[in-house]
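Undergrad: Pasting entry16.tsv here (TSV, C-alpha atoms):
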```tsv
chain	number	residue	atom	x	y	z
T	1	MET	CA	-27.59	38.30	8.05
T	2	THR	CA	-23.89	37.93	8.88
T	3	GLN	CA	-24.70	36.16	12.12
T	4	LEU	CA	-27.03	33.73	10.36
T	5	HIS	CA	-24.42	33.04	7.72
T	6	THR	CA	-21.77	32.35	10.36
T	7	ALA	CA	-24.07	30.02	12.25
T	8	TRP	CA	-24.86	28.13	9.04
T	9	ASP	CA	-21.14	27.72	8.29
T	10	GLN	CA	-20.62	26.25	11.74
T	11	HIS	CA	-23.44	23.74	11.31
T	12	PRO	CA	-23.60	22.76	7.64
T	13	GLU	CA	-25.89	20.04	6.38
T	14	PRO	CA	-24.40	16.53	6.05
T	15	LEU	CA	-23.02	15.79	2.60
T	16	THR	CA	-25.44	14.01	0.31
T	17	VAL	CA	-24.44	10.82	-1.47
T	18	ALA	CA	-25.47	12.38	-4.78
T	19	SER	CA	-22.97	15.22	-4.32
T	20	ALA	CA	-19.97	12.86	-4.51
T	21	PRO	CA	-18.24	13.10	-7.92
T	22	ALA	CA	-18.47	9.48	-9.08
T	23	PRO	CA	-15.75	8.26	-11.48
T	24	GLU	CA	-16.26	8.38	-15.25
T	25	TYR	CA	-16.70	4.64	-15.73
T	26	GLY	CA	-17.35	3.74	-19.34
T	27	SER	CA	-15.89	6.87	-20.91
T	28	GLY	CA	-12.92	8.26	-18.98
T	29	SER	CA	-11.71	6.00	-16.18
T	30	LEU	CA	-8.59	3.87	-15.77
T	31	ALA	CA	-10.71	0.80	-16.44
T	32	ASP	CA	-11.39	2.12	-19.94
T	33	LEU	CA	-7.76	2.58	-20.98
T	34	LEU	CA	-6.51	-0.88	-21.95
T	35	PRO	CA	-9.79	-1.94	-23.61
T	36	THR	CA	-9.56	1.20	-25.77
T	37	LEU	CA	-5.98	0.40	-26.77
T	38	ALA	CA	-6.79	-3.27	-27.34
T	39	ALA	CA	-9.79	-2.37	-29.50
T	40	GLY	CA	-7.46	-0.31	-31.67
T	41	LEU	CA	-5.25	-3.40	-32.00
T	42	GLY	CA	-8.16	-5.50	-33.20
T	43	VAL	CA	-8.62	-7.59	-30.04
T	44	PRO	CA	-12.13	-9.10	-30.15
T	45	ASP	CA	-14.84	-7.88	-27.77
T	46	MET	CA	-12.86	-4.82	-26.66
T	47	CYS	CA	-14.59	-1.43	-26.60
T	48	ALA	CA	-12.87	1.86	-27.44
T	49	ALA	CA	-14.54	3.68	-24.55
T	50	ILE	CA	-12.09	6.61	-24.40
T	51	THR	CA	-13.17	8.03	-27.72
T	52	GLU	CA	-10.52	10.76	-27.75
T	53	LEU	CA	-7.69	8.26	-28.30
T	54	THR	CA	-6.41	7.39	-31.78
T	55	PRO	CA	-5.33	3.76	-32.40
T	56	ALA	CA	-1.66	2.84	-32.73
T	57	ASP	CA	0.04	-0.42	-33.70
T	58	ARG	CA	2.30	-0.40	-30.66
T	59	ASN	CA	1.04	0.82	-27.30
T	60	CYS	CA	2.92	1.29	-24.03
T	61	VAL	CA	1.35	2.28	-20.71
T	62	PHE	CA	3.79	3.70	-18.15
T	63	LEU	CA	2.04	3.86	-14.77
T	64	ILE	CA	3.66	6.08	-12.13
T	65	ASP	CA	2.21	5.08	-8.79
T	66	GLY	CA	0.81	8.04	-6.85
T	67	LEU	CA	1.31	10.78	-9.46
T	68	GLY	CA	-2.05	12.51	-9.61
T	69	TRP	CA	-3.06	15.15	-12.14
T	70	GLU	CA	-3.10	17.96	-9.59
T	71	GLN	CA	0.31	17.04	-8.15
T	72	LEU	CA	1.88	16.99	-11.61
T	73	ARG	CA	0.42	20.36	-12.56
T	74	ALA	CA	1.66	21.84	-9.27
T	75	HIS	CA	5.30	20.89	-9.90
T	76	PRO	CA	6.30	21.98	-13.42
T	77	GLU	CA	9.88	22.71	-12.42
T	78	ASP	CA	10.38	19.16	-11.12
T	79	ALA	CA	8.78	17.42	-14.11
T	80	PRO	CA	9.51	19.59	-17.14
T	81	PHE	CA	9.11	16.83	-19.70
T	82	MET	CA	5.76	15.57	-18.42
T	83	THR	CA	4.61	19.16	-17.93
T	84	SER	CA	5.31	19.76	-21.63
T	85	LEU	CA	2.90	16.91	-22.38
T	86	LEU	CA	-0.05	18.14	-20.30
T	87	ALA	CA	-1.92	19.36	-23.36
T	88	THR	CA	-1.70	15.86	-24.90
T	89	SER	CA	-3.60	14.27	-22.01
T	90	ARG	CA	-6.64	12.21	-22.95
T	91	GLY	CA	-6.17	12.40	-26.67
T	92	GLY	CA	-5.17	16.04	-26.87
T	93	THR	CA	-8.10	17.39	-24.87
T	94	GLY	CA	-5.82	18.34	-21.98
T	95	ARG	CA	-8.14	16.54	-19.57
T	96	PRO	CA	-7.38	13.85	-16.97
T	97	LEU	CA	-8.91	10.44	-16.39
T	98	THR	CA	-10.62	9.37	-13.18
T	99	ALA	CA	-8.99	6.57	-11.22
T	100	GLY	CA	-12.13	4.86	-9.93
T	101	TYR	CA	-13.34	4.37	-6.38
T	102	PRO	CA	-11.55	3.89	-4.14
T	103	ALA	CA	-8.49	5.65	-5.57
T	104	THR	CA	-6.01	3.12	-4.23
T	105	THR	CA	-3.36	0.93	-5.80
T	106	ALA	CA	-4.87	-2.56	-5.60
T	107	THR	CA	-8.21	-1.35	-6.93
T	108	SER	CA	-6.71	0.79	-9.68
T	109	LEU	CA	-4.22	-1.81	-10.91
T	110	ALA	CA	-7.04	-4.34	-11.14
T	111	SER	CA	-9.12	-1.80	-13.07
T	112	VAL	CA	-6.21	-1.12	-15.44
T	113	GLY	CA	-5.35	-4.74	-16.09
T	114	THR	CA	-8.83	-6.23	-16.36
T	115	GLY	CA	-10.47	-3.26	-18.03
T	116	LEU	CA	-13.31	-3.61	-15.52
T	117	PRO	CA	-14.58	-1.33	-12.73
T	118	PRO	CA	-14.23	-2.44	-9.10
T	119	GLY	CA	-17.77	-3.73	-8.87
T	120	ALA	CA	-16.91	-6.35	-11.48
T	121	HIS	CA	-13.26	-7.23	-10.84
T	122	GLY	CA	-13.94	-7.41	-7.12
T	123	LEU	CA	-11.05	-5.52	-5.54
T	124	PRO	CA	-13.12	-2.64	-4.15
T	125	GLY	CA	-10.72	-1.40	-1.47
T	126	TYR	CA	-7.41	-1.62	0.33
T	127	THR	CA	-8.91	-4.07	2.83
T	128	VAL	CA	-12.35	-5.63	2.44
T	129	ARG	CA	-14.29	-8.39	4.13
T	130	ASN	CA	-14.16	-11.83	2.61
T	131	PRO	CA	-17.81	-12.93	2.82
T	132	ASP	CA	-16.74	-16.60	2.87
T	133	THR	CA	-14.51	-16.30	5.94
T	134	GLY	CA	-15.67	-13.11	7.63
T	135	GLU	CA	-12.06	-11.89	7.76
T	136	LEU	CA	-10.57	-8.68	6.43
T	137	MET	CA	-8.61	-9.31	3.23
T	138	ASN	CA	-5.73	-6.97	2.36
T	139	GLN	CA	-5.89	-6.90	-1.43
T	140	LEU	CA	-2.55	-5.16	-1.93
T	141	ARG	CA	-0.53	-7.61	0.18
T	142	TRP	CA	-3.00	-10.49	-0.38
T	143	GLN	CA	-3.22	-11.33	3.33
T	144	PRO	CA	-4.59	-13.65	4.51
T	145	TRP	CA	-3.88	-15.72	1.41
T	146	THR	CA	-6.96	-16.29	-0.70
T	147	PRO	CA	-7.21	-18.32	-3.94
T	148	PRO	CA	-6.69	-15.66	-6.63
T	149	GLY	CA	-8.80	-17.21	-9.39
T	150	PRO	CA	-12.16	-17.28	-7.58
T	151	TRP	CA	-11.48	-13.85	-6.08
T	152	GLN	CA	-10.98	-12.27	-9.52
T	153	PRO	CA	-12.10	-14.69	-12.26
T	154	TYR	CA	-12.04	-12.44	-15.32
T	155	PRO	CA	-9.22	-12.60	-17.90
T	156	THR	CA	-6.91	-9.60	-18.10
T	157	VAL	CA	-6.69	-7.47	-21.21
T	158	PHE	CA	-3.11	-8.71	-21.63
T	159	GLN	CA	-4.35	-12.31	-21.73
T	160	LEU	CA	-7.00	-11.45	-24.29
T	161	ALA	CA	-4.52	-9.48	-26.38
T	162	HIS	CA	-1.97	-12.31	-26.30
T	163	ALA	CA	-4.66	-14.78	-27.41
T	164	ALA	CA	-5.45	-12.44	-30.32
T	165	GLY	CA	-1.86	-12.47	-31.53
T	166	VAL	CA	-0.75	-9.18	-29.98
T	167	HIS	CA	2.71	-9.11	-28.37
T	168	ALA	CA	1.86	-8.46	-24.70
T	169	ALA	CA	4.45	-7.79	-22.00
T	170	GLN	CA	4.82	-6.31	-18.52
T	171	VAL	CA	8.14	-4.82	-17.41
T	172	SER	CA	8.29	-4.19	-13.68
T	173	SER	CA	10.19	-5.00	-10.51
T	174	PRO	CA	11.04	-8.72	-10.16
T	175	THR	CA	9.34	-8.52	-6.76
T	176	PHE	CA	5.94	-8.40	-8.42
T	177	GLU	CA	6.34	-11.30	-10.85
T	178	ASN	CA	4.57	-13.99	-8.84
T	179	THR	CA	2.32	-11.98	-6.54
T	180	PRO	CA	-1.40	-12.80	-6.48
T	181	LEU	CA	-2.23	-9.19	-7.35
T	182	THR	CA	-0.12	-9.43	-10.50
T	183	LYS	CA	-1.77	-12.75	-11.35
T	184	VAL	CA	-5.32	-11.42	-11.13
T	185	ALA	CA	-4.68	-7.93	-12.51
T	186	LEU	CA	-1.70	-7.80	-14.86
T	187	SER	CA	-0.81	-11.29	-16.10
T	188	GLY	CA	-0.77	-12.33	-19.74
T	189	GLY	CA	1.98	-12.47	-22.32
T	190	THR	CA	5.48	-12.10	-20.90
T	191	PHE	CA	6.55	-10.70	-17.51
T	192	LEU	CA	10.06	-9.25	-17.47
T	193	GLY	CA	11.56	-8.20	-14.15
T	194	ARG	CA	14.16	-5.44	-13.94
T	195	LEU	CA	15.33	-3.62	-10.83
T	196	SER	CA	16.35	-0.20	-12.11
T	197	GLY	CA	14.03	2.30	-13.72
T	198	GLU	CA	16.42	2.77	-16.62
T	199	ASP	CA	16.52	-0.96	-17.35
T	200	ARG	CA	12.73	-1.11	-17.26
T	201	VAL	CA	12.11	1.68	-19.73
T	202	ASP	CA	14.85	0.46	-22.06
T	203	LEU	CA	13.35	-3.02	-22.06
T	204	ALA	CA	9.83	-1.62	-22.49
T	205	ALA	CA	11.00	0.09	-25.67
T	206	GLU	CA	12.51	-3.18	-26.89
T	207	GLN	CA	9.30	-5.03	-26.17
T	208	LEU	CA	7.29	-2.47	-28.10
T	209	ALA	CA	9.45	-3.15	-31.14
T	210	ALA	CA	9.19	-6.93	-30.71
T	211	GLY	CA	5.81	-7.16	-32.43
T	212	ASP	CA	3.95	-5.55	-35.29
T	213	ARG	CA	1.14	-5.14	-32.76
T	214	SER	CA	2.28	-4.64	-29.17
T	215	LEU	CA	0.76	-3.90	-25.77
T	216	VAL	CA	3.40	-3.18	-23.12
T	217	TYR	CA	3.04	-2.06	-19.49
T	218	THR	CA	5.72	-0.70	-17.18
T	219	TYR	CA	5.56	0.69	-13.66
T	220	PHE	CA	7.37	2.98	-11.22
T	221	ALA	CA	6.42	2.88	-7.52
T	222	GLU	CA	8.73	5.32	-5.74
T	223	VAL	CA	6.70	8.52	-6.14
T	224	ASP	CA	3.92	6.92	-4.11
T	225	GLY	CA	6.29	5.61	-1.45
T	226	ALA	CA	7.90	9.01	-0.96
T	227	GLY	CA	4.50	10.67	-0.68
T	228	HIS	CA	3.28	8.26	1.99
T	229	ARG	CA	6.42	8.62	4.10
T	230	PHE	CA	7.35	12.26	3.66
T	231	GLY	CA	4.40	13.96	1.99
T	232	VAL	CA	3.63	15.43	-1.37
T	233	ASP	CA	5.94	18.40	-2.03
T	234	SER	CA	8.64	17.09	0.32
T	235	ASP	CA	12.20	17.14	-0.99
T	236	THR	CA	12.18	13.35	-1.21
T	237	TRP	CA	8.91	13.33	-3.15
T	238	ARG	CA	10.19	16.00	-5.52
T	239	GLY	CA	13.35	14.00	-6.09
T	240	GLN	CA	11.35	10.93	-7.08
T	241	LEU	CA	9.19	13.03	-9.39
T	242	MET	CA	12.32	14.37	-11.08
T	243	TYR	CA	13.60	10.84	-11.57
T	244	ALA	CA	10.26	9.65	-12.96
T	245	ASP	CA	10.27	12.56	-15.38
T	246	ARG	CA	13.69	11.55	-16.69
T	247	LEU	CA	12.50	7.95	-17.11
T	248	VAL	CA	9.48	9.08	-19.12
T	249	GLN	CA	11.68	11.16	-21.40
T	250	ARG	CA	14.15	8.29	-21.78
T	251	LEU	CA	11.36	5.96	-22.87
T	252	ALA	CA	9.79	8.54	-25.17
T	253	GLU	CA	13.08	9.02	-26.99
T	254	GLN	CA	13.34	5.28	-27.71
T	255	LEU	CA	9.89	4.62	-29.12
T	256	PRO	CA	9.94	2.44	-32.23
T	257	PRO	CA	7.87	3.52	-35.25
T	258	ARG	CA	4.06	3.46	-35.06
T	259	SER	CA	4.06	3.66	-31.26
T	260	ALA	CA	1.98	5.48	-28.67
T	261	LEU	CA	3.26	5.95	-25.12
T	262	TYR	CA	0.69	6.74	-22.43
T	263	ILE	CA	1.81	8.03	-19.01
T	264	THR	CA	-0.77	7.65	-16.28
T	265	ALA	CA	-1.15	6.89	-12.55
T	266	ASP	CA	-3.30	4.84	-10.22
T	267	HIS	CA	-4.30	7.74	-7.93
T	268	GLY	CA	-3.21	11.11	-6.60
T	269	MET	CA	-2.44	12.01	-3.00
T	270	ILE	CA	-2.93	14.65	-0.31
T	271	ASP	CA	-1.07	15.39	2.91
T	272	VAL	CA	-3.11	15.32	6.10
T	273	PRO	CA	-1.90	17.25	9.19
T	274	PHE	CA	-1.09	15.36	12.38
T	275	ASP	CA	-3.66	16.73	14.78
T	276	GLU	CA	-6.96	15.61	16.25
T	277	GLN	CA	-8.94	17.91	14.00
T	278	HIS	CA	-7.65	16.23	10.84
T	279	ARG	CA	-7.03	12.70	12.11
T	280	ILE	CA	-10.02	11.10	13.79
T	281	ASP	CA	-9.03	7.92	15.64
T	282	PHE	CA	-11.60	5.14	15.30
T	283	ASP	CA	-9.85	3.12	17.99
T	284	GLU	CA	-10.49	5.88	20.53
T	285	ASP	CA	-14.02	6.87	19.44
T	286	TRP	CA	-16.75	4.89	21.14
T	287	GLU	CA	-19.50	6.43	19.00
T	288	LEU	CA	-17.98	5.39	15.69
T	289	SER	CA	-16.98	1.94	16.91
T	290	ALA	CA	-20.41	1.08	18.37
T	291	GLY	CA	-21.98	-1.73	16.38
T	292	VAL	CA	-18.96	-2.16	14.10
T	293	ALA	CA	-17.64	-5.69	13.63
T	294	LEU	CA	-14.85	-4.87	11.15
T	295	LEU	CA	-13.25	-1.67	9.91
T	296	GLY	CA	-11.95	-1.99	6.35
T	297	GLY	CA	-10.64	0.24	3.60
T	298	GLU	CA	-8.21	3.00	4.53
T	299	GLY	CA	-8.25	6.41	6.20
T	300	ARG	CA	-9.96	8.30	3.37
T	301	ALA	CA	-12.09	5.46	1.98
T	302	ARG	CA	-13.63	3.27	4.64
T	303	HIS	CA	-15.64	0.06	4.41
T	304	VAL	CA	-17.56	-0.42	7.66
T	305	TYR	CA	-18.99	-3.85	8.45
T	306	ALA	CA	-21.67	-3.84	11.12
T	307	VAL	CA	-22.59	-6.55	13.58
T	308	PRO	CA	-25.82	-8.29	12.51
T	309	GLY	CA	-28.81	-5.99	12.82
T	310	ALA	CA	-26.78	-2.84	13.50
T	311	ALA	CA	-26.20	-1.54	9.97
T	312	ASN	CA	-28.86	1.18	10.09
T	313	ASP	CA	-27.71	2.41	13.49
T	314	VAL	CA	-24.08	2.52	12.34
T	315	LEU	CA	-25.07	4.44	9.22
T	316	THR	CA	-27.03	6.97	11.28
T	317	CYS	CA	-24.20	7.45	13.76
T	318	TRP	CA	-21.50	7.80	11.12
T	319	ARG	CA	-23.58	10.40	9.29
T	320	GLU	CA	-24.10	12.37	12.46
T	321	VAL	CA	-20.43	12.27	13.48
T	322	LEU	CA	-18.69	12.46	10.09
T	323	GLY	CA	-21.32	13.62	7.62
T	324	GLU	CA	-19.99	17.16	7.25
T	325	GLN	CA	-16.53	15.92	6.21
T	326	PHE	CA	-17.23	12.54	4.61
T	327	TRP	CA	-19.72	11.28	2.06
T	328	VAL	CA	-21.35	8.51	4.12
T	329	ALA	CA	-23.51	5.99	2.28
T	330	SER	CA	-25.09	2.64	2.86
T	331	ARG	CA	-23.82	-0.16	0.65
T	332	ASP	CA	-26.86	0.06	-1.61
T	333	GLU	CA	-26.67	3.85	-1.80
T	334	ALA	CA	-23.01	3.75	-2.84
T	335	ILE	CA	-23.77	1.12	-5.46
T	336	ALA	CA	-26.76	3.05	-6.81
T	337	ALA	CA	-24.63	6.21	-7.02
T	338	GLY	CA	-22.14	4.36	-9.23
T	339	TRP	CA	-19.16	4.62	-6.89
T	340	PHE	CA	-17.95	1.12	-7.82
T	341	GLY	CA	-19.16	1.03	-11.40
T	342	PRO	CA	-22.41	0.55	-13.30
T	343	HIS	CA	-23.08	-2.91	-11.85
T	344	ILE	CA	-21.91	-5.10	-9.00
T	345	ASP	CA	-21.18	-8.80	-9.39
T	346	GLU	CA	-22.93	-10.98	-6.84
T	347	ARG	CA	-19.63	-12.26	-5.45
T	348	VAL	CA	-18.50	-8.66	-4.84
T	349	TYR	CA	-21.62	-7.36	-3.08
T	350	GLY	CA	-20.66	-8.64	0.38
T	351	ARG	CA	-17.12	-7.28	0.09
T	352	ILE	CA	-18.46	-3.74	0.12
T	353	GLY	CA	-19.09	-2.30	3.56
T	354	ASP	CA	-22.54	-2.02	5.11
T	355	VAL	CA	-21.48	1.62	5.37
T	356	VAL	CA	-19.06	3.30	2.97
T	357	ALA	CA	-17.36	6.56	3.98
T	358	ALA	CA	-15.35	8.70	1.55
T	359	ALA	CA	-13.53	11.81	2.76
T	360	ARG	CA	-14.27	15.15	1.14
T	361	ASP	CA	-12.20	17.36	3.47
T	362	ASP	CA	-8.50	17.00	4.33
T	363	VAL	CA	-9.21	14.48	7.07
T	364	LEU	CA	-8.43	10.87	7.89
T	365	LEU	CA	-10.28	8.25	9.87
T	366	ILE	CA	-7.26	6.44	11.28
T	367	ALA	CA	-7.13	3.36	13.50
T	368	SER	CA	-4.01	3.88	15.59
T	369	GLU	CA	-4.04	0.48	17.31
T	370	ARG	CA	-5.10	-1.87	14.52
T	371	GLU	CA	-3.42	0.08	11.68
T	372	PRO	CA	-0.34	1.74	13.23
T	373	LYS	CA	1.71	1.96	10.01
T	374	GLU	CA	-1.11	3.30	7.87
T	375	SER	CA	-2.10	5.75	10.59
T	376	ALA	CA	1.40	7.26	10.58
T	377	MET	CA	1.49	8.08	6.86
T	378	VAL	CA	1.85	11.72	5.81
T	379	GLY	CA	0.42	11.42	2.31
T	380	ASN	CA	-2.89	9.61	1.83
T	381	HIS	CA	-5.43	8.81	-0.86
T	382	GLY	CA	-8.55	6.78	-1.59
T	383	SER	CA	-11.46	9.16	-1.93
T	384	MET	CA	-13.15	11.03	-4.79
T	385	THR	CA	-11.62	14.49	-4.42
T	386	PRO	CA	-9.80	15.83	-7.49
T	387	ALA	CA	-6.41	15.56	-5.75
T	388	GLU	CA	-6.90	11.81	-5.33
T	389	GLN	CA	-9.18	10.86	-8.19
T	390	LEU	CA	-7.77	12.65	-11.23
T	391	VAL	CA	-4.83	11.07	-13.06
T	392	PRO	CA	-3.01	12.11	-16.23
T	393	LEU	CA	-3.08	10.33	-19.57
T	394	LEU	CA	-0.13	11.98	-21.26
T	395	GLU	CA	0.70	10.84	-24.79
T	396	VAL	CA	3.83	10.62	-26.95
T	397	ARG	CA	3.74	9.22	-30.49
T	398	SER	CA	6.43	8.17	-32.89
```
Represent the structure of the file as structure tokens.
TA:
Amino acid sequence: MTQLHTAWDQHPEPLTVASAPAPEYGSGSLADLLPTLAAGLGVPDMCAAITELTPADRNCVFLIDGLGWEQLRAHPEDAPFMTSLLATSRGGTGRPLTAGYPATTATSLASVGTGLPPGAHGLPGYTVRNPDTGELMNQLRWQPWTPPGPWQPYPTVFQLAHAAGVHAAQVSSPTFENTPLTKVALSGGTFLGRLSGEDRVDLAAEQLAAGDRSLVYTYFAEVDGAGHRFGVDSDTWRGQLMYADRLVQRLAEQLPPRSALYITADHGMIDVPFDEQHRIDFDEDWELSAGVALLGGEGRARHVYAVPGAANDVLTCWREVLGEQFWVASRDEAIAAGWFGPHIDERVYGRIGDVVAAARDDVLLIASEREPKESAMVGNHGSMTPAEQLVPLLEVRS
């Protein structure tokens, strides 16, 4: 019996698509947050999908890039103020939200700002194929440049709130003011650029007080940057978490009356060891590269675009090679499983890979030649594991 059990462990069955924990679109995902707040402010056609939240006249969302639920819970000594708020998450249930798939910044910020899942807003990955040009489009850096309006045509929640008479504002780094990603995901109302974290949270508090009904967004990026470069739990990462914790407390202590502050994130993160067992190099693997025209996404959430006629062969090969460590699905299987949301807009369908691969284990599918910077990162994210997918929704009220 022991020998049979050992043999089975060495040769497990490939992961099924149905076993992937799809995000809670429509009830508990990042895409549901701003519509829920806007509905409480009386903005027309907004749905209060996160039913645990209680409306407030003034709402502020503070998004800390890269601070997942599991990372926050693992570091109480570095984030004492946010740790004290864990029980308030998701309306006092003490539960997290799900980021959405893939759990990556461009996708998540678009989900936050538009209130739509990736299958609708159309930013379903770090890099995806533009069906009109056949090129890979980096949706975080917006390269090569693509007209923003046709790429993401829906209004943001901030635009809808502003039109409904709500005071809407974003307070972030001046660097982001005119980027295409900000335009398609977070525009509407007033953008106010400030360099320091202290200036941002102070101004966010002022903007909350500037209207009887307010919807304010502010952002801190450095936790994510430290995680990518040095790893989660590194001294540098811990230092940025400590700083973020102080910023949250500073903002909480300045809330004007009738306010709700929500602290959340766009994704979590895991560290992946630097060895061949944990980092599989697409650029050196002839099996995985056979029949592949373009490799999109990122190391833990890949979009694979096959040469014409090769999609089924690529799917079969990827399942055979990676299926014990990755959930590997065809485009239609991933869509049917709800990975990108309950429906997919026609313009978005071709942006999704012929094959979609999401890591379950602590592994990366790197591309050392075509993606040297990304392949060298310590901390990574993108997939549907709890460490990447779960994000807090901490709450402070005045």
Undergrad: So, counting all atoms listed in the file, which residue among T:Leu393, T:Leu251, T:Arg331, T:Asn130 is closest to T:Asp32?
TA: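 Ranked by minimum distance to T:Asp32, first place goes to T:Leu393.
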Undergrad: Need the shell around stretch 355-367 of chain T: protein/DNA/RNA residues with any atom at most 8 Å away, counting all atoms listed in the file. Skip same-chain ones fewer than 3 positions apart. Format as a CSV table (one decimal) with C-alpha atoms, in the frame of the given file?
TA:
```csv
chain,number,residue,atom,x,y,z
T,270,ILE,CA,-2.9,14.6,-0.3
T,271,ASP,CA,-1.1,15.4,2.9
T,272,VAL,CA,-3.1,15.3,6.1
T,277,GLN,CA,-8.9,17.9,14.0
T,278,HIS,CA,-7.6,16.2,10.8
T,279,ARG,CA,-7.0,12.7,12.1
T,280,ILE,CA,-10.0,11.1,13.8
T,281,ASP,CA,-9.0,7.9,15.6
T,282,PHE,CA,-11.6,5.1,15.3
T,283,ASP,CA,-9.8,3.1,18.0
T,298,GLU,CA,-8.2,3.0,4.5
T,299,GLY,CA,-8.2,6.4,6.2
T,300,ARG,CA,-10.0,8.3,3.4
T,301,ALA,CA,-12.1,5.5,2.0
T,302,ARG,CA,-13.6,3.3,4.6
T,303,HIS,CA,-15.6,0.1,4.4
T,304,VAL,CA,-17.6,-0.4,7.7
T,305,TYR,CA,-19.0,-3.8,8.4
T,306,ALA,CA,-21.7,-3.8,11.1
T,311,ALA,CA,-26.2,-1.5,10.0
T,314,VAL,CA,-24.1,2.5,12.3
T,315,LEU,CA,-25.1,4.4,9.2
T,325,GLN,CA,-16.5,15.9,6.2
T,326,PHE,CA,-17.2,12.5,4.6
T,327,TRP,CA,-19.7,11.3,2.1
T,328,VAL,CA,-21.4,8.5,4.1
T,329,ALA,CA,-23.5,6.0,2.3
T,330,SER,CA,-25.1,2.6,2.9
T,331,ARG,CA,-23.8,-0.2,0.6
T,334,ALA,CA,-23.0,3.8,-2.8
T,352,ILE,CA,-18.5,-3.7,0.1
T,370,ARG,CA,-5.1,-1.9,14.5
T,371,GLU,CA,-3.4,0.1,11.7
T,372,PRO,CA,-0.3,1.7,13.2
T,374,GLU,CA,-1.1,3.3,7.9
T,375,SER,CA,-2.1,5.8,10.6
T,382,GLY,CA,-8.6,6.8,-1.6
T,383,SER,CA,-11.5,9.2,-1.9
T,384,MET,CA,-13.2,11.0,-4.8
T,385,THR,CA,-11.6,14.5,-4.4
```
Undergrad: With only C-alpha atoms as the basis for distance, which of T:Pro386, T:Gly197, T:Gly291, T:Pro308 is at the shortest distance from T:Gln240?
TA: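 Ranked by minimum distance to T:Gln240, first place goes to T:Gly197.
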Undergrad: So which residues touch T:Glu388 within 9 Å, counting only C-alpha atoms, skipping near sequence neighbours fewer than 3 positions away, as a list in words?
TA: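 The filter keeps Gly66, Gly68, Trp69, Glu70, Ala99, Ala103, Thr104, His267, Gly268, Met269, Ile270, Asn380, His381, Gly382, Ser383, Met384, Thr385 and Val391 of chain T.
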Undergrad: Take every atom of stretch 110-118 of chain T listed in the file, fit an axis-aligned box around them, add 5 Å per side, and give the centre and edge lengths in Å to one decimal as JSON.
TA:
```
{"center_x": -10.0, "center_y": -3.7, "center_z": -13.6, "size_x": 19.2, "size_y": 15.1, "size_z": 18.9}
```
Undergrad: Choose the residue, out of T:Trp142, T:Phe158, T:Trp339, T:Tyr25, that has the smallest atom-to-atom separation from T:Val216; count only C-alpha atoms.
TA: T:Phe158
Undergrad: Rounded to one decimal, what separation in Å do you get between atom CA of T:Ala210 and atom CA of T:Arg258?
TA: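 A separation of 12.4 Å between them.
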Undergrad: What's around stretch 178-180 of chain T at 12 Å? Count only C-alpha atoms, leave out sequence neighbours fewer than 3 positions away in its own chain, and write the answer as JSON, numbers by chain.
TA: {"T": [106, 110, 138, 139, 140, 141, 142, 143, 144, 145, 146, 147, 148, 149, 150, 151, 152, 172, 173, 174, 175, 183, 184, 185, 186, 187, 191, 192, 193]}
Undergrad: Point out the residue among T:Thr114, T:Thr182, T:Ser29, T:Gln170 with the least atom-to-atom distance to T:Val157, counting only C-alpha atoms.
TA: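 For T:Val157, the nearest of the given residues is T:Thr114.
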Undergrad: Mind rebuilding stretch 172-178 of chain T with N, CA, C and O atoms and writing that out as an mmCIF file, in the frame of the given file?
TA:
```
data_model
loop_
_atom_site.group_PDB
_atom_site.id
_atom_site.type_symbol
_atom_site.label_atom_id
_atom_site.label_comp_id
_atom_site.auth_asym_id
_atom_site.auth_seq_id
_atom_site.Cartn_x
_atom_site.Cartn_y
_atom_site.Cartn_z
ATOM 1 N N SER T 172 8.455 -4.771 -15.005
ATOM 2 C CA SER T 172 8.290 -4.190 -13.680
ATOM 3 C C SER T 172 9.370 -4.756 -12.757
ATOM 4 O O SER T 172 10.286 -5.450 -13.193
ATOM 5 N N SER T 173 9.255 -4.458 -11.474
ATOM 6 C CA SER T 173 10.190 -5.000 -10.510
ATOM 7 C C SER T 173 10.038 -6.512 -10.421
ATOM 8 O O SER T 173 8.915 -7.029 -10.424
ATOM 9 N N PRO T 174 11.151 -7.258 -10.314
ATOM 10 C CA PRO T 174 11.040 -8.720 -10.160
ATOM 11 C C PRO T 174 10.211 -9.124 -8.948
ATOM 12 O O PRO T 174 9.639 -10.219 -8.924
ATOM 13 N N THR T 175 10.119 -8.237 -7.967
ATOM 14 C CA THR T 175 9.340 -8.520 -6.760
ATOM 15 C C THR T 175 7.889 -8.852 -7.075
ATOM 16 O O THR T 175 7.243 -9.635 -6.361
ATOM 17 N N PHE T 176 7.366 -8.268 -8.138
ATOM 18 C CA PHE T 176 5.940 -8.400 -8.420
ATOM 19 C C PHE T 176 5.599 -9.575 -9.333
ATOM 20 O O PHE T 176 4.420 -9.826 -9.593
ATOM 21 N N GLU T 177 6.605 -10.308 -9.794
ATOM 22 C CA GLU T 177 6.340 -11.300 -10.850
ATOM 23 C C GLU T 177 5.315 -12.343 -10.448
ATOM 24 O O GLU T 177 4.431 -12.699 -11.234
ATOM 25 N N ASN T 178 5.424 -12.868 -9.238
ATOM 26 C CA ASN T 178 4.570 -13.990 -8.840
ATOM 27 C C ASN T 178 3.555 -13.637 -7.767
ATOM 28 O O ASN T 178 3.008 -14.529 -7.113
#
```
